[in-house]
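S.K.: The structure under discussion is supplied below as structure tokens; questions concerning it will follow.
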Amino acid sequence: MFSSLASLQPRQLAAQVLNFALVLSTAFMLWKGLSVFTNSSSPIVVVLSGSMEPAFERGDLLFLWNRGMDTQVGEIVVYNVRGKDIPIVHRVVRRFGGGSAPLQLLTKGDNNAADDTELYARGQDYLERSKDVVGSVVGYVPFVGYVTILLSEYPWLKTAMLGFMALTVVLQRE
Amino acid sequence: MSDSHISPYSLNDLKNTTDDALGNYLRGLHFKQDNSKLDFRLAIGYTAVAIAAVTFVADYKLGWDATKNGTAVAVAAYAVLNGIFTYWMYFVEKGLIFEGSREGRKISLASRTKKHTPTYFLTVTSALDKSRELDCPFTTWFTEDGYFVAKPFQQWLASTVDVIGEADVKSAVKDETDSSQVPEVESNGTPSASGADARSKGTKRSKRKG
């Protein structure tokens, strides 16, 4: 299998490696391009908990848009708790400010009994729209996100997938 | 070259092995290979990859907010470079497998295959003849098991491409028993292409055994 690589001229080997590098970098740049387009640091997220049932189930893939800065009550937003990197998907139940004052939001999961005040960082009673919110949900695909959940729960899967991809792209010459 | 074998049913393998053999053969005949087109493609490609790598590191170290505008610029630059890369590959390189020159004679060879047809299509552009497409079935130089045999391949090349025939006159001569291909080489003017005259000429090919 690798003998076909050994017989290559150095430039051809460089070209094969470039093919694989381009696959990775194009995927990454497409992701970044989507981030720039939606103005969101993470334009596609996976639902990890059941706190928004029956609207969203665990494993749903959500598409975010972060250019609508005047978020209304009833919109579903994804936000990061200050200091933690876990995105939470909940619905806006109250607004403060807006207009000239910075917009602040209170959120609550549909399937939760209480609002998110306990989830926020200590001393934080509301979300800042401009700082904490990653984006509002504009669309979703059910169940597809389970792949991401699997990849994060079994990290060896990521290595295996990447290794397999590398083999097939570098050894294939088309 | 014949110690490894490929699947004779894989058109891709057949073409790639033939392309590699052609390159090796011509380099062995002291053709100086001109890699400028491939180098340009590699340069563009690796520059794009470098931009992506820098963007990745910057985003990892500095976070989204700080790198937002830089990322937008990087994405645009990457798209442009990728466009140039694709254009170069499809329109300029267009199947090119060897480009070079020998003793002032330039040659450019591009190959392709057609789906489900076991034929090697070779487009030759050289100093001696204008761009023309030759074709030959892969069975001419591949055994049933998928082993590549160099001699018939070299004979075909030397007898149908003038510039190669000049460089490798031995192969340009057809075996008397091989009646399947008619030598077309006459245009280079010298009678040295035919076997009988080679013997009488006492040139460097006189080492050739009967």
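Chain labels run A, B, ... following the order of the structure tokens; each chain numbers its residues from 1, and ligands are numbered from 1 in the order shown.
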So which residues touch Gly99 (chain A) within 12 Å, counting only C-alpha atoms, skipping near sequence neighbours fewer than 6 positions away, as an MDAnalysis selection string?

M.R.: chainID A and resid 69:71

S.K.: With only C-alpha atoms as the counted atoms, please give the residues lying no more than 9 Å from Asp116 (chain A), apart from itself and same-chain residues fewer than 3 positions off, as a list of chain:residue names.

M.R.: A:His90, A:Leu106, A:Thr107, A:Lys108, A:Gly109, A:Asn112, A:Leu119, A:Tyr120, A:Asp125, A:Tyr126

S.K.: Next, the residues of the selection above should be written as a tab-separated table (two decimals), in the first residue's frame with N, CA and C atoms.

M.R.:
```
chain	number	residue	atom	x	y	z
A	90	HIS	N	-31.56	28.16	25.47
A	90	HIS	CA	-32.81	28.40	26.21
A	90	HIS	C	-33.58	29.54	25.59
A	106	LEU	N	-33.12	37.68	30.16
A	106	LEU	CA	-33.26	36.59	31.12
A	106	LEU	C	-33.80	35.40	30.34
A	107	THR	N	-33.23	34.23	30.58
A	107	THR	CA	-33.63	33.06	29.80
A	107	THR	C	-34.14	31.95	30.70
A	108	LYS	N	-34.85	30.99	30.08
A	108	LYS	CA	-35.37	29.84	30.83
A	108	LYS	C	-35.57	28.71	29.84
A	109	GLY	N	-35.20	27.49	30.28
A	109	GLY	CA	-35.44	26.34	29.43
A	109	GLY	C	-36.91	25.95	29.49
A	112	ASN	N	-37.61	23.34	31.96
A	112	ASN	CA	-37.14	23.57	33.32
A	112	ASN	C	-38.22	24.24	34.14
A	119	LEU	N	-28.19	29.35	36.84
A	119	LEU	CA	-27.17	28.86	35.93
A	119	LEU	C	-26.10	29.90	35.65
A	120	TYR	N	-26.49	31.17	35.74
A	120	TYR	CA	-25.53	32.22	35.42
A	120	TYR	C	-24.40	32.22	36.44
A	125	ASP	N	-27.03	38.35	37.04
A	125	ASP	CA	-28.47	38.13	37.09
A	125	ASP	C	-29.11	38.11	35.73
A	126	TYR	N	-28.38	38.48	34.70
A	126	TYR	CA	-28.92	38.53	33.35
A	126	TYR	C	-27.78	38.38	32.35
```

S.K.: Show me, as a list in words, the residues of chain B whose atoms get within 8 Å of chain A, using only C-alpha atoms for the distance check.

M.R.: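 The selection requested is Asn12, Asn16, Asp20, Leu38, Leu42, Gly45, Tyr46, Val49, Ala52, Ala53, Trp64, Asp65, Lys68, Thr71, Ala72, Val75 and Tyr78 of chain B.
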
S.K.: What does the file look like for those residues with N, CA and C atoms, as a PDB file, in the first residue's frame?

M.R.:
```pdb
ATOM      1  N   ASN B  12      -7.695   4.090 -12.963  1.00  0.00           N
ATOM      2  CA  ASN B  12      -6.893   5.078 -12.267  1.00  0.00           C
ATOM      3  C   ASN B  12      -5.467   4.589 -12.044  1.00  0.00           C
ATOM      4  N   ASN B  16      -2.045   6.091 -13.676  1.00  0.00           N
ATOM      5  CA  ASN B  16      -0.995   6.624 -12.804  1.00  0.00           C
ATOM      6  C   ASN B  16       0.320   5.883 -12.991  1.00  0.00           C
ATOM      7  N   ASP B  20       3.705   7.612 -14.348  1.00  0.00           N
ATOM      8  CA  ASP B  20       4.963   7.561 -13.594  1.00  0.00           C
ATOM      9  C   ASP B  20       6.070   6.955 -14.442  1.00  0.00           C
ATOM     10  N   LEU B  38       3.943  22.734 -11.883  1.00  0.00           N
ATOM     11  CA  LEU B  38       3.651  22.034 -10.636  1.00  0.00           C
ATOM     12  C   LEU B  38       4.107  22.865  -9.449  1.00  0.00           C
ATOM     13  N   LEU B  42       1.924  24.037  -6.253  1.00  0.00           N
ATOM     14  CA  LEU B  42       2.315  23.727  -4.877  1.00  0.00           C
ATOM     15  C   LEU B  42       2.446  25.008  -4.059  1.00  0.00           C
ATOM     16  N   GLY B  45      -1.022  26.356  -3.308  1.00  0.00           N
ATOM     17  CA  GLY B  45      -1.713  25.463  -2.380  1.00  0.00           C
ATOM     18  C   GLY B  45      -1.177  25.574  -0.969  1.00  0.00           C
ATOM     19  N   TYR B  46       0.150  25.522  -0.829  1.00  0.00           N
ATOM     20  CA  TYR B  46       0.717  25.582   0.510  1.00  0.00           C
ATOM     21  C   TYR B  46       0.555  26.958   1.148  1.00  0.00           C
ATOM     22  N   VAL B  49      -2.836  26.850   2.604  1.00  0.00           N
ATOM     23  CA  VAL B  49      -2.823  26.031   3.822  1.00  0.00           C
ATOM     24  C   VAL B  49      -2.187  26.810   4.965  1.00  0.00           C
ATOM     25  N   ALA B  52      -4.634  29.220   6.393  1.00  0.00           N
ATOM     26  CA  ALA B  52      -5.592  28.515   7.246  1.00  0.00           C
ATOM     27  C   ALA B  52      -4.959  28.159   8.581  1.00  0.00           C
ATOM     28  N   ALA B  53      -3.694  27.742   8.557  1.00  0.00           N
ATOM     29  CA  ALA B  53      -3.013  27.357   9.797  1.00  0.00           C
ATOM     30  C   ALA B  53      -2.861  28.554  10.728  1.00  0.00           C
ATOM     31  N   TRP B  64     -12.487  34.223  19.551  1.00  0.00           N
ATOM     32  CA  TRP B  64     -13.266  34.666  18.401  1.00  0.00           C
ATOM     33  C   TRP B  64     -13.313  36.181  18.277  1.00  0.00           C
ATOM     34  N   ASP B  65     -13.670  36.872  19.340  1.00  0.00           N
ATOM     35  CA  ASP B  65     -13.903  38.313  19.244  1.00  0.00           C
ATOM     36  C   ASP B  65     -12.688  39.084  18.758  1.00  0.00           C
ATOM     37  N   LYS B  68     -11.981  38.281  14.902  1.00  0.00           N
ATOM     38  CA  LYS B  68     -13.098  38.307  13.931  1.00  0.00           C
ATOM     39  C   LYS B  68     -12.719  38.930  12.600  1.00  0.00           C
ATOM     40  N   THR B  71      -9.998  37.106  10.691  1.00  0.00           N
ATOM     41  CA  THR B  71     -10.530  35.869  10.119  1.00  0.00           C
ATOM     42  C   THR B  71     -11.291  36.147   8.838  1.00  0.00           C
ATOM     43  N   ALA B  72     -12.055  37.246   8.824  1.00  0.00           N
ATOM     44  CA  ALA B  72     -12.808  37.573   7.610  1.00  0.00           C
ATOM     45  C   ALA B  72     -11.857  37.788   6.444  1.00  0.00           C
ATOM     46  N   VAL B  75     -10.377  34.405   5.377  1.00  0.00           N
ATOM     47  CA  VAL B  75     -11.314  33.579   4.619  1.00  0.00           C
ATOM     48  C   VAL B  75     -11.389  34.056   3.171  1.00  0.00           C
ATOM     49  N   TYR B  78      -8.195  33.102   1.405  1.00  0.00           N
ATOM     50  CA  TYR B  78      -8.189  31.656   1.152  1.00  0.00           C
ATOM     51  C   TYR B  78      -9.062  31.310  -0.041  1.00  0.00           C
TER      52      TYR B  78
END
```

S.K.: Report as a ChimeraX atom specification: the residues of region 1-170 of chain A with a DSSP assignment of strand (DSSP E or B), based on the backbone of this structure.

M.R.: /A:44-46,61-65,76-80,87-98,101-108,127-128,133-141

S.K.: Would you list the contacts of Arg41 (chain B) as a count of residues only, taking every protein, DNA or RNA residue within 12 Å and counting only C-alpha atoms, but skipping same-chain residues closer than 2 positions in sequence?

M.R.: 30

S.K.: Do a neighbour search on Leu11 (chain B) at 12 Å with only C-alpha atoms, toss out local chain neighbours closer than 6 positions, and write the hits as a ChimeraX atom specification.

M.R.: /A:173-174 /B:17-18,112-120,137-139,142,146

S.K.: So the first atom is CA of Leu157 (chain B) and the second is CA of Ser108 (chain B); what is the distance between them in Å, to one decimal place?

M.R.: 13.1 Å

S.K.: Taking into account only C-alpha atoms, which residue in the set A:Phe164, A:Tyr140, A:Tyr146, A:Phe20 is nearest to Ile76 (chain A)?

M.R.: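 Of all the options, A:Tyr140 lies closest to Ile76 (chain A).
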
S.K.: Would you mind reading off the distance between CA of Asp135 (chain B) and CA of Phe121 (chain B), one decimal, in Å?

M.R.: 4.4 Å

S.K.: Interatomic distance between CA of Ala158 (chain B) and CA of Leu29 (chain B)?

M.R.: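 These atoms are spaced 11.0 Å apart.
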
S.K.: Write out as a PyMOL selection string all residues of chain B that backbone DSSP assigns to helix (DSSP H, G or I).

M.R.: chain B and resi 11-28+36-62+64-93+138-140+150-160+162-167+169-172+191-193+195-201+204-207

S.K.: When distances are computed from only C-alpha atoms, which of B:Lys15, B:Thr140, B:Asp59, B:Val161 shows the smallest separation from Gly95 (chain B)?

M.R.: B:Lys15

S.K.: Taking 5 positions as the minimum chain separation for residues in the same chain, which residues sit within 10 Å of region 55-65 of chain A when counting only C-alpha atoms? Answer as a short mmCIF file (atom, residue, chain, number, x, y, z; two decimals) with N, CA, C and O atoms, in the first residue's frame.

M.R.:
```cif
data_model
loop_
_atom_site.label_atom_id
_atom_site.label_comp_id
_atom_site.auth_asym_id
_atom_site.auth_seq_id
_atom_site.Cartn_x
_atom_site.Cartn_y
_atom_site.Cartn_z
N LEU A 34 -18.47 30.63 7.64
CA LEU A 34 -19.83 30.65 8.17
C LEU A 34 -19.90 31.48 9.45
O LEU A 34 -20.85 32.23 9.69
N SER A 35 -18.86 31.36 10.27
CA SER A 35 -18.79 32.17 11.50
C SER A 35 -18.80 33.65 11.18
O SER A 35 -19.52 34.43 11.80
N PHE A 37 -19.90 35.05 8.43
CA PHE A 37 -21.17 35.40 7.80
C PHE A 37 -22.27 35.59 8.84
O PHE A 37 -23.09 36.50 8.75
N THR A 38 -22.33 34.72 9.85
CA THR A 38 -23.38 34.80 10.85
C THR A 38 -22.98 35.67 12.03
O THR A 38 -23.81 35.95 12.89
N ASN A 39 -21.70 36.09 12.06
CA ASN A 39 -21.17 36.89 13.17
C ASN A 39 -21.24 36.13 14.49
O ASN A 39 -21.38 36.73 15.56
N SER A 40 -21.16 34.82 14.41
CA SER A 40 -21.27 34.01 15.62
C SER A 40 -20.01 33.16 15.77
O SER A 40 -19.49 32.65 14.79
N SER A 41 -19.53 33.02 17.00
CA SER A 41 -18.29 32.25 17.18
C SER A 41 -18.54 30.77 16.92
O SER A 41 -17.61 30.03 16.63
N SER A 42 -19.79 30.32 17.03
CA SER A 42 -20.08 28.92 16.80
C SER A 42 -21.43 28.82 16.10
O SER A 42 -22.46 28.65 16.76
N PRO A 43 -21.44 28.93 14.78
CA PRO A 43 -22.71 29.06 14.07
C PRO A 43 -23.57 27.79 14.05
O PRO A 43 -24.75 27.86 13.71
N ILE A 44 -22.98 26.65 14.36
CA ILE A 44 -23.77 25.40 14.40
C ILE A 44 -23.48 24.72 15.73
O ILE A 44 -22.32 24.45 16.04
N VAL A 45 -24.51 24.47 16.53
CA VAL A 45 -24.31 23.83 17.83
C VAL A 45 -25.20 22.60 17.95
O VAL A 45 -26.20 22.47 17.24
N VAL A 46 -24.81 21.73 18.86
CA VAL A 46 -25.60 20.52 19.12
C VAL A 46 -26.28 20.66 20.47
O VAL A 46 -25.68 21.13 21.44
N VAL A 47 -27.53 20.25 20.55
CA VAL A 47 -28.26 20.28 21.83
C VAL A 47 -27.77 19.13 22.70
O VAL A 47 -27.76 17.98 22.26
N LEU A 48 -27.33 19.46 23.91
CA LEU A 48 -26.73 18.44 24.77
C LEU A 48 -27.67 17.94 25.85
O LEU A 48 -27.48 16.87 26.40
N SER A 49 -28.70 18.73 26.19
CA SER A 49 -29.58 18.31 27.28
C SER A 49 -31.03 18.35 26.82
O SER A 49 -31.33 18.78 25.71
N GLY A 50 -31.89 17.91 27.70
CA GLY A 50 -33.31 17.89 27.34
C GLY A 50 -34.08 19.05 27.91
O GLY A 50 -35.31 18.98 28.04
N ILE A 76 -35.26 31.89 20.84
CA ILE A 76 -34.40 30.91 21.48
C ILE A 76 -32.95 31.30 21.20
O ILE A 76 -32.57 31.49 20.04
N VAL A 77 -32.16 31.48 22.25
CA VAL A 77 -30.79 31.91 22.07
C VAL A 77 -29.83 30.87 22.64
O VAL A 77 -30.20 30.08 23.52
N VAL A 78 -28.62 30.89 22.12
CA VAL A 78 -27.54 30.07 22.67
C VAL A 78 -26.59 31.03 23.36
O VAL A 78 -26.19 32.03 22.80
N VAL A 89 -28.77 26.32 25.41
CA VAL A 89 -29.84 26.73 24.50
C VAL A 89 -31.12 26.91 25.29
O VAL A 89 -31.70 25.94 25.75
N HIS A 90 -31.56 28.16 25.47
CA HIS A 90 -32.81 28.40 26.21
C HIS A 90 -33.58 29.54 25.59
O HIS A 90 -33.07 30.27 24.73
N ASP A 110 -37.49 25.60 28.32
CA ASP A 110 -38.92 25.25 28.28
C ASP A 110 -39.25 24.12 29.24
O ASP A 110 -40.33 24.09 29.84
N ASN A 111 -38.30 23.19 29.36
CA ASN A 111 -38.57 22.01 30.16
C ASN A 111 -38.08 22.15 31.60
O ASN A 111 -38.11 21.19 32.36
N VAL A 134 -24.31 33.83 21.87
CA VAL A 134 -23.60 33.33 20.69
C VAL A 134 -24.44 33.54 19.44
O VAL A 134 -23.92 33.73 18.34
N GLY A 135 -25.77 33.47 19.59
CA GLY A 135 -26.64 33.68 18.44
C GLY A 135 -28.04 33.21 18.75
O GLY A 135 -28.28 32.55 19.77
N SER A 136 -29.00 33.57 17.88
CA SER A 136 -30.36 33.04 18.03
C SER A 136 -30.56 31.91 17.04
O SER A 136 -30.00 31.91 15.94
N VAL A 137 -31.40 30.97 17.44
CA VAL A 137 -31.65 29.80 16.61
C VAL A 137 -32.57 30.19 15.46
O VAL A 137 -33.66 30.73 15.68
N VAL A 138 -32.12 29.91 14.22
CA VAL A 138 -32.96 30.21 13.06
C VAL A 138 -33.41 28.95 12.34
O VAL A 138 -34.23 29.01 11.44
N GLY A 139 -32.84 27.80 12.70
CA GLY A 139 -33.26 26.57 12.04
C GLY A 139 -32.63 25.39 12.74
O GLY A 139 -31.69 25.56 13.52
N TYR A 140 -33.15 24.20 12.47
CA TYR A 140 -32.53 23.05 13.12
C TYR A 140 -32.75 21.79 12.28
O TYR A 140 -33.66 21.72 11.45
N VAL A 141 -31.87 20.80 12.51
CA VAL A 141 -32.01 19.48 11.90
C VAL A 141 -32.02 18.47 13.05
O VAL A 141 -31.09 18.44 13.84
N PRO A 142 -33.05 17.65 13.15
CA PRO A 142 -33.11 16.74 14.30
C PRO A 142 -32.10 15.61 14.19
O PRO A 142 -31.73 15.20 13.09
N PHE A 143 -31.59 15.16 15.30
CA PHE A 143 -30.85 13.92 15.48
C PHE A 143 -29.43 13.90 14.90
O PHE A 143 -28.59 13.18 15.41
N VAL A 144 -29.16 14.69 13.86
CA VAL A 144 -27.87 14.61 13.16
C VAL A 144 -26.71 14.93 14.09
O VAL A 144 -25.61 14.43 13.93
N GLY A 145 -26.97 15.77 15.09
CA GLY A 145 -25.90 16.18 15.99
C GLY A 145 -25.37 15.08 16.88
O GLY A 145 -24.37 15.26 17.56
N TYR A 146 -26.01 13.92 16.87
CA TYR A 146 -25.55 12.83 17.74
C TYR A 146 -24.13 12.41 17.42
O TYR A 146 -23.40 11.93 18.27
N VAL A 147 -23.72 12.61 16.12
CA VAL A 147 -22.34 12.30 15.73
C VAL A 147 -21.36 13.10 16.57
O VAL A 147 -20.37 12.58 17.07
N THR A 148 -21.65 14.40 16.75
CA THR A 148 -20.77 15.26 17.55
C THR A 148 -20.74 14.80 18.99
O THR A 148 -19.68 14.81 19.63
N ILE A 149 -21.90 14.40 19.51
CA ILE A 149 -21.95 13.93 20.91
C ILE A 149 -21.08 12.69 21.05
O ILE A 149 -20.29 12.57 21.99
N LEU A 150 -21.18 11.78 20.07
CA LEU A 150 -20.35 10.57 20.11
C LEU A 150 -18.88 10.92 20.07
O LEU A 150 -18.07 10.38 20.82
#
```

S.K.: Considering only C-alpha atoms, state which residue in the set A:Gln16, A:Met165, A:Arg67, A:Glu128 is at the smallest distance from Pro102 (chain A).

M.R.: A:Glu128

S.K.: Excluding Arg27 (chain B) and its own-chain neighbours fewer than 3 positions away, which residues fall within 12 Å of it when counting only C-alpha atoms? Please give them as a list in words.

M.R.: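 That gives Gln9 of chain A; Asp20, Ala21, Leu22, Gly23, Asn24, His30, Phe31, Lys32, Gln33, Asp34, Phe98, Glu99, Gly100, Ser101, Arg102, Ile164, Ala167 and Asp168 of chain B.
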
S.K.: Write the selection just made, keeping C-alpha atoms, as an mmCIF file, in the first residue's frame?

M.R.:
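After the write, part-v5.cif holds the following:
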```cif
data_model
loop_
_atom_site.group_PDB
_atom_site.id
_atom_site.type_symbol
_atom_site.label_atom_id
_atom_site.label_comp_id
_atom_site.auth_asym_id
_atom_site.auth_seq_id
_atom_site.Cartn_x
_atom_site.Cartn_y
_atom_site.Cartn_z
ATOM 1 C CA GLN A 9 9.001 11.813 -6.880
ATOM 2 C CA ASP B 20 4.963 7.561 -13.594
ATOM 3 C CA ALA B 21 6.736 5.216 -16.001
ATOM 4 C CA LEU B 22 6.691 7.862 -18.694
ATOM 5 C CA GLY B 23 8.300 10.356 -16.354
ATOM 6 C CA ASN B 24 10.969 7.880 -15.289
ATOM 7 C CA HIS B 30 18.222 12.851 -19.963
ATOM 8 C CA PHE B 31 15.205 15.019 -20.607
ATOM 9 C CA LYS B 32 15.424 17.935 -18.239
ATOM 10 C CA GLN B 33 12.028 18.180 -16.536
ATOM 11 C CA ASP B 34 10.422 21.585 -16.235
ATOM 12 C CA PHE B 98 5.617 15.714 -18.117
ATOM 13 C CA GLU B 99 7.073 18.901 -19.458
ATOM 14 C CA GLY B 100 10.711 19.296 -20.303
ATOM 15 C CA SER B 101 13.358 19.594 -22.961
ATOM 16 C CA ARG B 102 16.371 17.782 -24.294
ATOM 17 C CA ILE B 164 11.457 10.817 -27.868
ATOM 18 C CA ALA B 167 16.498 10.487 -27.878
ATOM 19 C CA ASP B 168 15.956 6.755 -27.797
#
```
